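Below is one structure, written out as structure tokens; the observations come after it.
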Amino acid sequence: MSVYITAIIDGFRLLLSGSQDVWSIIELSLGVSGSAILIATVIGVPIGYFLGMTRFGGRWALILLVNTAMGFPPVVVGLFVFMALSRSGPLGELGLLFTPQSMLIAQVILAAPLVAGVTTAAVAGVPRDLRLQLRALGASRVQEAWAVLKESRRGVLAAVIAGFGGIISEVGAVSIVGGNIEGSTRVMTTAIMFHVRRGEFGLAMAWAMVLIGIALVVNAVLTGLQNAGVRHER
Amino acid sequence: MSVYITAIIDGFRLLLSGSQDVWSIIELSLGVSGSAILIATVIGVPIGYFLGMTRFGGRWALILLVNTAMGFPPVVVGLFVFMALSRSGPLGELGLLFTPQSMLIAQVILAAPLVAGVTTAAVAGVPRDLRLQLRALGASRVQEAWAVLKESRRGVLAAVIAGFGGIISEVGAVSIVGGNIEGSTRVMTTAIMFHVRRGEFGLAMAWAMVLIGIALVVNAVLTGLQNAGVRHER
Amino acid sequence: MSADVATPARTAAVPLVVGEDIVVRFRKRTVVDVARIEIARGCTYGLLGASGAGKSTLLRALGLLERPTSGRVLIDGVEATRRDLTIRRGIAAVFQKPYLLRGTVADNVAYGLRLRGVSGTERAARVSEALERVGLAGWQRQSALTLSGGEAQRVALARALVLKPRLLLLDEPLSYMDPLLKRGLTAEFASILASENVTAIYVTHDQDEAAVVADRIGVMREGRIVAEGDPDEVLGLPEDEWVAAFVGMEPPLRGGVRATSDGLATIDVTGVTFYATTTLPIGTGVLLAVRPEDVTIYEAGVELPLGSARNRLDAVVAEMRPGGGTVQVVLDHRGTRIAAAVSRASAKELDLKVGARVVAVFKATAVRVRASA
Amino acid sequence: MSADVATPARTAAVPLVVGEDIVVRFRKRTVVDVARIEIARGCTYGLLGASGAGKSTLLRALGLLERPTSGRVLIDGVEATRRDLTIRRGIAAVFQKPYLLRGTVADNVAYGLRLRGVSGTERAARVSEALERVGLAGWQRQSALTLSGGEAQRVALARALVLKPRLLLLDEPLSYMDPLLKRGLTAEFASILASENVTAIYVTHDQDEAAVVADRIGVMREGRIVAEGDPDEVLGLPEDEWVAAFVGMEPPLRGGVRATSDGLATIDVTGVTFYATTTLPIGTGVLLAVRPEDVTIYEAGVELPLGSARNRLDAVVAEMRPGGGTVQVVLDHRGTRIAAAVSRASAKELDLKVGARVVAVFKATAVRVRASA
């Protein structure tokens with residue numbers, strides 16, 4: 001077990017030393033994934049609300065599309081974004097490949113369907129009778145929509161947090177489109193891969209501990225959201 | 001868009017050509033992930049059943065543990081398995097690092113908590129009154145357990161299928177512990193990363209299409225399981 | 001029941017709500033199919049029927065909460081839909097579950113007013129008034145989630161009444177209550193509805209509730225209205241056999257008026273003579289029925305007490321259906337059947353059993369009569 | 001109600017089920033707290049109470065489905081728990097929802113037999129017999145998921161009866177039914193329970209249902225049994241004021257036997273004289289009550305018909321509570337209150353309103369009397 005203990009001590013030392021290298025990578029990770037989840041929320045919540053609340057012809061096809069996008073392997077998303085941003089790709093002229101922006105794009109594509117999908121479920125889970133009651137109290141369409149969204153805010157929040165946890169832990173897409181360039185696109189996950197391969201367990205462990213911390217917080221918040229379930233009975 | 005079209009055509013050609021290289025990697029992926037999900041099911045279902053059905057003191061702590069394990073970043077799991085199997089690690093003498101077995105271990109660790117967690121929820125979702133009814137018809141503890149498991153089989157099946165979809169698409173852990181060695185530990189996801197980096201979009205697209213196909217099937221099965229929800233009302 | 005303050009002319013003119021050819025289908029199944037229904041101003045209309053009869057669906061269509069598959073709803077003679085927010089805001093509803101929102105009682109009662117942009121001071125005044133009307137004066141600051149079922153449902157009623165709706169929808173508002181609570185709240189709701197002079201549609205599967213609350217009753221079955229009229233008519237003389245069974249009566253008898261004098265008619269029902277108070281002329285074909293509560297049973301051959309009970313019928317006990325405090329005894333006189341509700345003590349004392357010979361006694365005023373079609 | 005085939009000695013010896021000091025707590029809240037309850041062999045015990053009173057929880061404890069926080073359950077005089085599978089297999093239950101499993105009606109009815117390893121041919125025979133008893137002969141191959149609510153609940157009853165249980169638990173088996181269906185099924189269940197000679201515990205919140213089904217009734221309130229006895233006793237002369245209100249009566253009156261002759265007692269209740277049939281000796285302090293169904297109202301001053309109705313009481317209408325077919329009229333005679341159930345037609349004819357002067361008439365046999373503690 002000594003290999004773990006050594007690595008954990010080294011990891012703590014690196015984190016506490018305030019080494020610029022370690023913290024700049026954490027900063028980049030948080031920055032890219034944080035921005036990505038924000039954008040994904042702005043895109044995903046309205047789509048999810050729309051899919052969950054309204055009944056129209058192609059609705060099931062759209063829900064299937066969102067679900068399929070949710071289940072897309074991240075490496076495949078990475079491949080598609082890479083191709084789009086590569087010199088011969090449709091967006092190649094923007095020169096975004098191997099930049100933080102390219103990772104942001106990949107993460108938005110990964111997170112938005114998740115946010116939309118879970119929002120759909122959360123909104124659809126608001127009891128029909130509650131919506132009828134709101135309507136029967138004179139809510140306009142906009143007021144009804146707002147109230148429904150407020151009622152399902154736990155589900156939406158859960159989607160956002162789970163999405164953040166997912167993309168900050170993800171490595172396939174960011175390593176493909178980011179390229180793990182030190183000081184530019186090296187994030188925590190790609191850094192871990194890089195250093196493990198070189199046997200630098202202390203460095204890898206430093207970021208692993210931060211990632212585990214994030215995972216614990218995400219898990220705690222999700223558990224909390226589940227347990228404090230909305231009560232409609234009264 | 002031509003970059004996509006070219007890659008898709010190339011991908012199809014490679015798949016249909018029956019090239020040994022392409023198919024052996026697909027075989028290895030399916031073999032490792034299939035074995036992993038089998039083992040994870042055997043481990044996870046009893047744990048999940050136990051957590052969902054019985055009430056005991058440390059139950060919530062155990063559920064929290066399972067949930068935390070579910071949320072663990074795959075690269076971190078990869079790091080831990082790598083350290084265990086590395087020469088200086090506790091299992092270093094087995095010489096499993098960079099073998100398919102190492103990937104299998106990592107994937108079991110990734111999938112088992114998921115299977116256990118979803119089984120817990122599925123089993124706990126069987127209405128208490130149904131269990132009382134079974135008991136009141138004279139079911140012994142074992143008969144009651146079996147009937148409950150049968151009632152929640154959709155949820156368990158969903159967990160298994162989602163777990164399979166997750167580990168076969170995963171790249172962080174397998175690339176760390178497997179090392180992406182051609183002809184030995186190169187699976188679909190690591191192959192995609194490898195070939196994208198080299199601009200070999202046709203090869204990458206071949207595996208991406210297989211992965212997408214698997215994702216579509218997984219998604220379709222999950223949707224089907226959700227829609228054919230169990231009816232207890234009658 | 002409620003004293004309508006509108007002028008007779010306006011009242012007579014247009015019913016507040018008219019539904020025309022309302023059809024609602026879910027997945028090809030026709031849930032509601034009603035050619036015409038009218039809700040008069042100031043009246044509480046009771047929609048009665050078994051579950052699955054389409055009562056709630058019809059209510060939601062008439063209340064502009066959901067668009068029917070086809071047909072139109074006129075409010076005040078003008079066609080209206082879910083999109084007409086102004087008209088919709090004249091309608092409020094109380095459902096089975098109160099569905100209170102997080103927050104205080106006052107927050108909940110004020111919710112609809114806030115949606116309408118009513119100012120804070122007016123809101124407070126109206127909330128306080130509405131709470132008083134439902135017997136919860138001063139409960140404003142109580143948390144809505146700590147209320148008992150009965151209290152919560154009163155808050156839900158206050159939340160609707162505070163909007164001073166022209167039309168109030170009540171969809172089984174008391175069906176989740178215990179019998180004891182329900183009995184009290186039914187009377188309370190009835191008196192509030194009567195004193196508020198509000199027009200209401202009250203959906204229930206409980207005929208006793210409908211009898212207490214409604215000025216007019218429509219009985220629904222399989223999406224259609226199979227009986228409609230005053231509560232006394234519908235519950236006292238149901239034409240339809242199914243409706244009769246639903247309200248706990250034998251099917252009505254058919255007869256003809258043979259003689260009349262001073263408002264007392266002699267009616268012949270296949271050889272059996274009934275006396276009833278009616279002004280229908282001689283020769284009229286009639287339907288007639290007696291509520292079991294109005295029939296008293298005596299031992300056969302006993303000297304009957306004097307009194308105003310004109311009708312005396314020798315009969316045989318054909319069936320006994322034990323109820324709670326009373327036993328429903330079906331009596332047969334050569335094929336003519338009426339039912340009597342007898343208290344358990346009386347049934348025991350009279351030693352009633354199937355085949356026993358008895359005399360059924362009931363007043364002429366208790367015989368309900370209607371000209372048959 | 002049911003003719004017990006056991007020898008009197010065995011019957012007298014030990015009740016089939018005894019609960020001693022049964023306490024159930026959920027999260028520190030005491031849901032059930034019953035010192036002793038006995039269910040006699042062949043008897044249907046009705047547990048009556050509002051929802052949340054702890055009826056179902058007590059039922060589950062007595063039926064060995066859930067272990068109480070403390071206390072013990074004796075079956076046949078022997079302490080038993082959930083772990084005693086053999087004893088538990090003598091107990092079967094029907095709940096609110098039928099909870100049928102996927103498959104045919106026969107699969108469902110046979111389920112418990114299969115759990116017990118009963119052979120296929122015997123299973124088929126017993127299933128067919130059980131289905132016949134619940135009126136579903138020949139329904140074996142029907143899919144269980146296509147049944148109506150009433151049919152499904154009959155299948156659930158057959159599934160329990162097929163096991164020939166020594167104890168049958170019924171937990172509000174009819175509470176999800178419509179009134180019409182419920183009325184029919186209540187009578188049907190009562191007759192099946194009586195003819196099966198099974199010992200049963202029947203939980204309900206509906207006193208009418210309890211009156212029809214039960215041989216003995218326990219009324220629960222807040223986890224305790226607050227009244228227990230024959231249905232006539234509990235529903236006809238409830239001691240407790242809350243129980244009286246719950247079963248729709250005024251609280252009982254207190255008086256003393258002043259004179260007796262030939263089984264007819266003259267009872268003095270604060271200056272008012274009641275006649276009752278009782279053999280209690282002179283001087284006994286008594287509780288007495290009259291069911292509203294047994295009280296007839298006449299106009300004050302009217303010449304009363306002759307008859308066996310000994311009790312005549314001048315009174316003032318203190319309160320009117322409209323019910324379905326009848327109006328519950330509370331009468332006051334200088335502070336002594338009784339209630340009368342009057343049909344709507346009579347109430348109208350008598351022009352009853354609060355403050356009206358009337359005469360209340362009821363038989364001596366209708367006055368229920370019990371020596372007070």
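Every chain in the structure tokens has a letter given in the order shown (A, B, ...), and although residue numbers restart at 1 in each chain, ligands are simply numbered from 1 in the order shown.
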Name all residues at most 12 Å from Ala125 of chain C (count only C-alpha atoms; drop same-chain ones fewer than 4 positions away) and give them as a list in words.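 Once the nearby chain positions are removed, what remains is Ala106, Val109, Ala110, Leu113, Val118, Ser119, Gly120, Thr121, Glu129, Ala130, Leu131, Glu132, Ala137, Gly138, Gln140 and Val162 of chain C.
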I need the contact residues of chain C against chain D, so if you could list those with any atom within 6 Å, counting only C-alpha atoms, and return them as a PyMOL selection string, that would help. chain C and resi 50+178+180+208+211-212+246+293+305-307+322-324+343
For those residues, write N, CA, C and O atoms to a file as a CSV table (one decimal), in the first residue's frame.
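Result written to part-v3.csv:
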```csv
chain,number,residue,atom,x,y,z
C,50,ALA,N,-70.2,7.4,-11.5
C,50,ALA,CA,-69.1,6.5,-11.1
C,50,ALA,C,-67.8,7.1,-11.6
C,50,ALA,O,-67.7,7.9,-12.5
C,178,ASP,N,-62.1,11.8,5.5
C,178,ASP,CA,-62.8,10.7,6.3
C,178,ASP,C,-64.3,11.1,6.4
C,178,ASP,O,-64.7,12.2,6.3
C,180,LEU,N,-66.3,11.4,8.9
C,180,LEU,CA,-66.7,12.4,9.9
C,180,LEU,C,-66.4,13.8,9.4
C,180,LEU,O,-67.3,14.7,9.4
C,208,ASP,N,-75.1,11.5,-1.8
C,208,ASP,CA,-75.5,12.2,-0.6
C,208,ASP,C,-74.9,13.6,-0.7
C,208,ASP,O,-75.5,14.6,-0.3
C,211,ALA,N,-76.7,15.6,-3.2
C,211,ALA,CA,-78.0,16.0,-2.7
C,211,ALA,C,-77.9,17.3,-1.8
C,211,ALA,O,-78.8,18.2,-1.8
C,212,VAL,N,-76.8,17.3,-1.0
C,212,VAL,CA,-76.7,18.4,-0.1
C,212,VAL,C,-76.3,19.7,-0.7
C,212,VAL,O,-76.7,20.8,-0.4
C,246,PHE,N,-78.0,3.3,-9.2
C,246,PHE,CA,-76.9,4.1,-8.7
C,246,PHE,C,-77.3,4.9,-7.5
C,246,PHE,O,-76.5,5.1,-6.6
C,293,GLU,N,-86.7,5.8,2.3
C,293,GLU,CA,-86.8,6.4,3.6
C,293,GLU,C,-88.2,6.8,3.9
C,293,GLU,O,-88.5,7.0,5.1
C,305,PRO,N,-102.0,2.2,12.6
C,305,PRO,CA,-102.3,3.5,13.3
C,305,PRO,C,-103.0,4.4,12.3
C,305,PRO,O,-102.9,4.3,11.1
C,306,LEU,N,-103.8,5.3,12.8
C,306,LEU,CA,-104.4,6.3,12.0
C,306,LEU,C,-103.3,7.2,11.5
C,306,LEU,O,-102.2,7.2,12.0
C,307,GLY,N,-103.7,8.1,10.6
C,307,GLY,CA,-102.6,9.0,10.1
C,307,GLY,C,-102.8,9.4,8.7
C,307,GLY,O,-103.8,8.9,8.1
C,322,PRO,N,-78.6,-5.3,3.8
C,322,PRO,CA,-78.2,-4.5,5.0
C,322,PRO,C,-77.3,-3.3,4.6
C,322,PRO,O,-76.5,-3.4,3.7
C,323,GLY,N,-77.6,-2.2,5.2
C,323,GLY,CA,-76.8,-1.0,5.0
C,323,GLY,C,-76.2,-0.7,6.4
C,323,GLY,O,-76.0,-1.6,7.2
C,324,GLY,N,-75.9,0.5,6.7
C,324,GLY,CA,-75.3,0.9,7.9
C,324,GLY,C,-76.3,0.8,9.0
C,324,GLY,O,-76.5,-0.2,9.6
C,343,SER,N,-84.9,0.7,10.0
C,343,SER,CA,-83.8,0.8,11.0
C,343,SER,C,-83.5,-0.6,11.4
C,343,SER,O,-84.4,-1.5,11.4
```
Those of segment 35-228 of chain A in DSSP helix (DSSP H, G or I), formatted as a PyMOL selection string: chain A and resi 35-53+59-70+74-85+92-94+100-124+128-136+141-151+153-169+172-178+188-197+201-227
Pick from B:Asp129, B:Glu170, B:Asp10, B:Asp21 nearest to Glu182 of chain B, counting only C-alpha atoms: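 Result for the nearest residue to Glu182 of chain B: B:Asp21.
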For the structure I just gave you, how does DSSP split segment 96-314 of chain D - specifically, which residues are strand (DSSP E)? Reply as a compact mmCIF listing (two decimals) with N, CA, C and O atoms, in the first residue's frame.
```txt
# COMPACT_ATOMS: atom_id res chain seq x y z
N LEU D 167 -56.99 -17.27 9.41
CA LEU D 167 -57.25 -15.85 9.68
C LEU D 167 -57.16 -15.10 8.36
O LEU D 167 -56.20 -15.24 7.62
N LEU D 168 -58.18 -14.31 8.09
CA LEU D 168 -58.19 -13.53 6.86
C LEU D 168 -58.12 -12.04 7.23
O LEU D 168 -58.90 -11.57 8.05
N LEU D 169 -57.15 -11.34 6.65
CA LEU D 169 -57.02 -9.91 6.90
C LEU D 169 -57.62 -9.16 5.72
O LEU D 169 -57.29 -9.45 4.58
N LEU D 170 -58.47 -8.19 5.99
CA LEU D 170 -59.04 -7.36 4.93
C LEU D 170 -58.78 -5.91 5.27
O LEU D 170 -59.32 -5.39 6.26
N ASP D 171 -57.94 -5.25 4.47
CA ASP D 171 -57.54 -3.88 4.79
C ASP D 171 -58.21 -2.92 3.81
O ASP D 171 -57.69 -2.68 2.72
N THR D 199 -62.19 -16.77 10.28
CA THR D 199 -61.97 -15.68 11.21
C THR D 199 -61.35 -14.53 10.43
O THR D 199 -60.41 -14.75 9.67
N ALA D 200 -61.87 -13.33 10.60
CA ALA D 200 -61.39 -12.24 9.77
C ALA D 200 -61.24 -10.96 10.58
O ALA D 200 -61.95 -10.74 11.56
N ILE D 201 -60.26 -10.14 10.16
CA ILE D 201 -60.16 -8.78 10.68
C ILE D 201 -60.41 -7.87 9.48
O ILE D 201 -59.76 -8.02 8.44
N TYR D 202 -61.36 -6.99 9.63
CA TYR D 202 -61.80 -6.17 8.50
C TYR D 202 -61.60 -4.70 8.85
O TYR D 202 -62.29 -4.16 9.70
N VAL D 203 -60.63 -4.07 8.20
CA VAL D 203 -60.34 -2.66 8.47
C VAL D 203 -61.14 -1.79 7.52
O VAL D 203 -61.17 -2.04 6.31
N THR D 204 -61.80 -0.77 8.04
CA THR D 204 -62.54 0.15 7.19
C THR D 204 -62.73 1.48 7.91
O THR D 204 -62.63 1.57 9.13
N ARG D 216 -68.23 -8.03 15.37
CA ARG D 216 -67.74 -7.28 16.51
C ARG D 216 -66.97 -6.10 15.95
O ARG D 216 -66.32 -6.22 14.91
N ILE D 217 -67.05 -4.97 16.63
CA ILE D 217 -66.41 -3.77 16.10
C ILE D 217 -65.52 -3.15 17.16
O ILE D 217 -65.88 -3.07 18.34
N GLY D 218 -64.32 -2.75 16.73
CA GLY D 218 -63.45 -1.93 17.58
C GLY D 218 -63.24 -0.60 16.87
O GLY D 218 -62.94 -0.58 15.68
N VAL D 219 -63.45 0.49 17.58
CA VAL D 219 -63.25 1.80 16.98
C VAL D 219 -61.88 2.32 17.42
O VAL D 219 -61.59 2.35 18.63
N MET D 220 -61.04 2.69 16.47
CA MET D 220 -59.72 3.20 16.81
C MET D 220 -59.65 4.70 16.63
O MET D 220 -60.25 5.27 15.72
N ARG D 221 -58.89 5.32 17.52
CA ARG D 221 -58.62 6.74 17.39
C ARG D 221 -57.22 7.00 17.91
O ARG D 221 -56.92 6.61 19.04
N ARG D 224 -55.37 4.10 19.59
CA ARG D 224 -56.01 3.35 20.67
C ARG D 224 -57.37 2.86 20.25
O ARG D 224 -58.03 3.45 19.41
N ILE D 225 -57.80 1.77 20.89
CA ILE D 225 -59.17 1.30 20.69
C ILE D 225 -60.04 2.02 21.70
O ILE D 225 -59.89 1.82 22.91
N VAL D 226 -60.91 2.90 21.23
CA VAL D 226 -61.69 3.74 22.15
C VAL D 226 -63.09 3.20 22.38
O VAL D 226 -63.81 3.69 23.25
N ALA D 227 -63.50 2.21 21.59
CA ALA D 227 -64.80 1.58 21.83
C ALA D 227 -64.74 0.21 21.21
O ALA D 227 -64.08 0.00 20.20
N GLU D 228 -65.40 -0.76 21.84
CA GLU D 228 -65.38 -2.12 21.33
C GLU D 228 -66.65 -2.82 21.77
O GLU D 228 -67.13 -2.59 22.88
N GLY D 229 -67.19 -3.65 20.89
CA GLY D 229 -68.38 -4.39 21.26
C GLY D 229 -69.13 -4.88 20.04
O GLY D 229 -68.61 -4.84 18.92
N LEU D 253 -77.20 9.80 26.58
CA LEU D 253 -77.78 10.50 27.74
C LEU D 253 -77.52 9.67 28.98
O LEU D 253 -77.36 8.45 28.92
N ARG D 254 -77.47 10.33 30.13
CA ARG D 254 -77.29 9.62 31.40
C ARG D 254 -78.57 9.70 32.21
O ARG D 254 -79.17 10.77 32.31
N GLY D 255 -78.99 8.58 32.76
CA GLY D 255 -80.21 8.60 33.56
C GLY D 255 -80.21 7.49 34.59
O GLY D 255 -79.19 6.87 34.84
N GLY D 256 -81.38 7.29 35.22
CA GLY D 256 -81.48 6.24 36.22
C GLY D 256 -82.80 5.52 36.06
O GLY D 256 -83.82 6.13 35.72
N VAL D 257 -82.83 4.20 36.32
CA VAL D 257 -84.07 3.43 36.22
C VAL D 257 -84.94 3.77 37.42
O VAL D 257 -84.51 3.64 38.57
N ARG D 258 -86.18 4.27 37.15
CA ARG D 258 -87.05 4.72 38.24
C ARG D 258 -88.07 3.65 38.58
O ARG D 258 -88.47 3.51 39.72
N ALA D 259 -88.52 2.93 37.57
CA ALA D 259 -89.53 1.90 37.81
C ALA D 259 -89.40 0.84 36.73
O ALA D 259 -88.88 1.12 35.64
N THR D 260 -89.81 -0.37 37.02
CA THR D 260 -89.83 -1.42 35.99
C THR D 260 -91.11 -2.21 36.12
O THR D 260 -91.67 -2.33 37.21
N SER D 261 -91.57 -2.72 34.99
CA SER D 261 -92.72 -3.63 35.04
C SER D 261 -92.72 -4.40 33.74
O SER D 261 -92.71 -3.80 32.66
N LEU D 264 -90.40 -3.55 30.93
CA LEU D 264 -90.42 -2.16 30.47
C LEU D 264 -89.94 -1.28 31.62
O LEU D 264 -90.50 -1.32 32.72
N ALA D 265 -88.91 -0.52 31.38
CA ALA D 265 -88.35 0.33 32.42
C ALA D 265 -88.70 1.78 32.17
O ALA D 265 -88.79 2.22 31.04
N THR D 266 -88.94 2.50 33.25
CA THR D 266 -89.12 3.94 33.18
C THR D 266 -87.81 4.57 33.62
O THR D 266 -87.32 4.29 34.72
N ILE D 267 -87.23 5.36 32.76
CA ILE D 267 -85.90 5.90 33.04
C ILE D 267 -85.99 7.41 33.11
O ILE D 267 -86.61 8.05 32.25
N ASP D 268 -85.38 7.96 34.11
CA ASP D 268 -85.41 9.40 34.31
C ASP D 268 -84.09 10.00 33.83
O ASP D 268 -83.02 9.63 34.30
N VAL D 269 -84.18 10.91 32.90
CA VAL D 269 -82.98 11.61 32.42
C VAL D 269 -83.17 13.09 32.71
O VAL D 269 -83.90 13.76 32.00
N VAL D 272 -86.65 14.21 32.41
CA VAL D 272 -87.38 13.71 31.25
C VAL D 272 -87.53 12.21 31.39
O VAL D 272 -86.60 11.53 31.83
N THR D 273 -88.72 11.71 31.04
CA THR D 273 -88.96 10.27 31.20
C THR D 273 -88.82 9.55 29.87
O THR D 273 -89.37 9.97 28.86
N PHE D 274 -88.03 8.48 29.88
CA PHE D 274 -87.89 7.61 28.71
C PHE D 274 -88.41 6.23 29.10
O PHE D 274 -88.25 5.79 30.22
N TYR D 275 -89.03 5.55 28.12
CA TYR D 275 -89.43 4.16 28.33
C TYR D 275 -88.52 3.29 27.49
O TYR D 275 -88.28 3.58 26.31
N ALA D 276 -88.02 2.24 28.12
CA ALA D 276 -87.12 1.35 27.39
C ALA D 276 -87.36 -0.08 27.81
O ALA D 276 -87.82 -0.34 28.92
N THR D 277 -87.05 -1.01 26.91
CA THR D 277 -87.17 -2.42 27.28
C THR D 277 -85.82 -2.86 27.82
O THR D 277 -84.84 -2.96 27.08
N GLY D 285 -77.96 3.27 37.42
CA GLY D 285 -77.58 4.40 36.57
C GLY D 285 -77.33 3.87 35.17
O GLY D 285 -76.68 2.84 35.01
N VAL D 286 -77.87 4.53 34.17
CA VAL D 286 -77.73 4.00 32.81
C VAL D 286 -77.29 5.08 31.81
O VAL D 286 -77.44 6.27 32.04
N LEU D 287 -76.70 4.57 30.72
CA LEU D 287 -76.49 5.38 29.52
C LEU D 287 -77.58 4.98 28.56
O LEU D 287 -77.90 3.80 28.45
N LEU D 288 -78.13 5.95 27.83
CA LEU D 288 -79.10 5.53 26.83
C LEU D 288 -79.00 6.38 25.58
O LEU D 288 -78.52 7.51 25.62
N ALA D 289 -79.42 5.79 24.47
CA ALA D 289 -79.35 6.48 23.19
C ALA D 289 -80.40 5.92 22.26
O ALA D 289 -80.89 4.81 22.46
N VAL D 290 -80.78 6.70 21.29
CA VAL D 290 -81.73 6.27 20.27
C VAL D 290 -81.10 6.57 18.92
O VAL D 290 -80.58 7.67 18.71
N THR D 296 -89.26 9.24 14.89
CA THR D 296 -90.17 9.86 13.93
C THR D 296 -90.59 11.23 14.46
O THR D 296 -90.71 11.42 15.67
N ILE D 297 -90.77 12.19 13.57
CA ILE D 297 -91.13 13.54 14.00
C ILE D 297 -92.56 13.87 13.52
O ILE D 297 -92.92 13.55 12.39
N TYR D 298 -93.32 14.47 14.41
CA TYR D 298 -94.66 14.97 14.05
C TYR D 298 -94.76 16.44 14.41
O TYR D 298 -94.01 16.94 15.25
N GLU D 299 -95.73 17.09 13.78
CA GLU D 299 -95.98 18.49 14.13
C GLU D 299 -96.42 18.58 15.58
O GLU D 299 -97.15 17.71 16.07
N ASN D 311 -92.50 6.34 23.58
CA ASN D 311 -91.83 7.59 23.92
C ASN D 311 -92.33 8.74 23.05
O ASN D 311 -92.32 8.66 21.83
N ARG D 312 -92.80 9.78 23.71
CA ARG D 312 -93.23 10.99 23.01
C ARG D 312 -92.59 12.17 23.69
O ARG D 312 -92.73 12.33 24.91
N LEU D 313 -91.89 12.96 22.93
CA LEU D 313 -91.08 14.01 23.53
C LEU D 313 -91.35 15.31 22.81
O LEU D 313 -91.14 15.41 21.60
N ASP D 314 -91.85 16.32 23.52
CA ASP D 314 -91.99 17.64 22.91
C ASP D 314 -90.60 18.24 22.81
O ASP D 314 -89.84 18.22 23.78
```
Near chain A, which residues of chain C fall within 9 Å when you count only C-alpha atoms, and what do they look like as an NGL selection string? :C and (60 or 63-66 or 83 or 85-86 or 88-95 or 97-102 or 111-113 or 115-116 or 144-149 or 152-153 or 159-160 or 163 or 169)
List the neighbours of segment 213-216 of chain A out to 9 Å using only C-alpha atoms; skip same-chain residues closer than 2 positions along the sequence, and give me the result as a PyMOL selection string. (chain A and resi 165-166+168-169+208-211+218-221) or (chain B and resi 68+71-73)
For chain A, list the residues within 9 Å of chain B, counting only C-alpha atoms, and write the list as a PyMOL selection string. chain A and resi 1-4+64+67-68+70-76+78-80+82-84+86+88-90+165-166+168-173+175-177+179+189-190+192-194+196-197+199+201+204-205+207-209+211-212+215-216+218-220+223
Counting only C-alpha atoms, which of B:Leu15, B:Leu225, B:Leu51, B:Ala40 gets nearest to Thr119 of chain B?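 Ranked by minimum distance to Thr119 of chain B, first place goes to B:Leu51.
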Residues within 9 Å of Ile105 of chain A, only C-alpha atoms, excluding chain neighbours under 5 positions, as a ChimeraX atom specification: /A:36,81,100,110
With N, CA and C atoms retained, export the selected residues as a PDB file, in the first residue's frame.
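So the final result, stored in part20.pdb, reads:
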```pdb
ATOM      1  N   ALA A  36     -18.601  25.672 -19.843  1.00  0.00           N
ATOM      2  CA  ALA A  36     -19.334  24.724 -20.685  1.00  0.00           C
ATOM      3  C   ALA A  36     -20.688  24.404 -20.076  1.00  0.00           C
ATOM      4  N   VAL A  81     -15.779  16.745 -33.271  1.00  0.00           N
ATOM      5  CA  VAL A  81     -15.333  18.137 -33.064  1.00  0.00           C
ATOM      6  C   VAL A  81     -13.943  18.314 -33.670  1.00  0.00           C
ATOM      7  N   PRO A 100      -8.237  25.933 -25.544  1.00  0.00           N
ATOM      8  CA  PRO A 100      -9.289  25.729 -24.548  1.00  0.00           C
ATOM      9  C   PRO A 100     -10.683  25.844 -25.167  1.00  0.00           C
ATOM     10  N   LEU A 110     -21.274  17.670 -25.044  1.00  0.00           N
ATOM     11  CA  LEU A 110     -21.493  16.540 -24.139  1.00  0.00           C
ATOM     12  C   LEU A 110     -22.558  16.848 -23.093  1.00  0.00           C
TER      13      LEU A 110
END
```
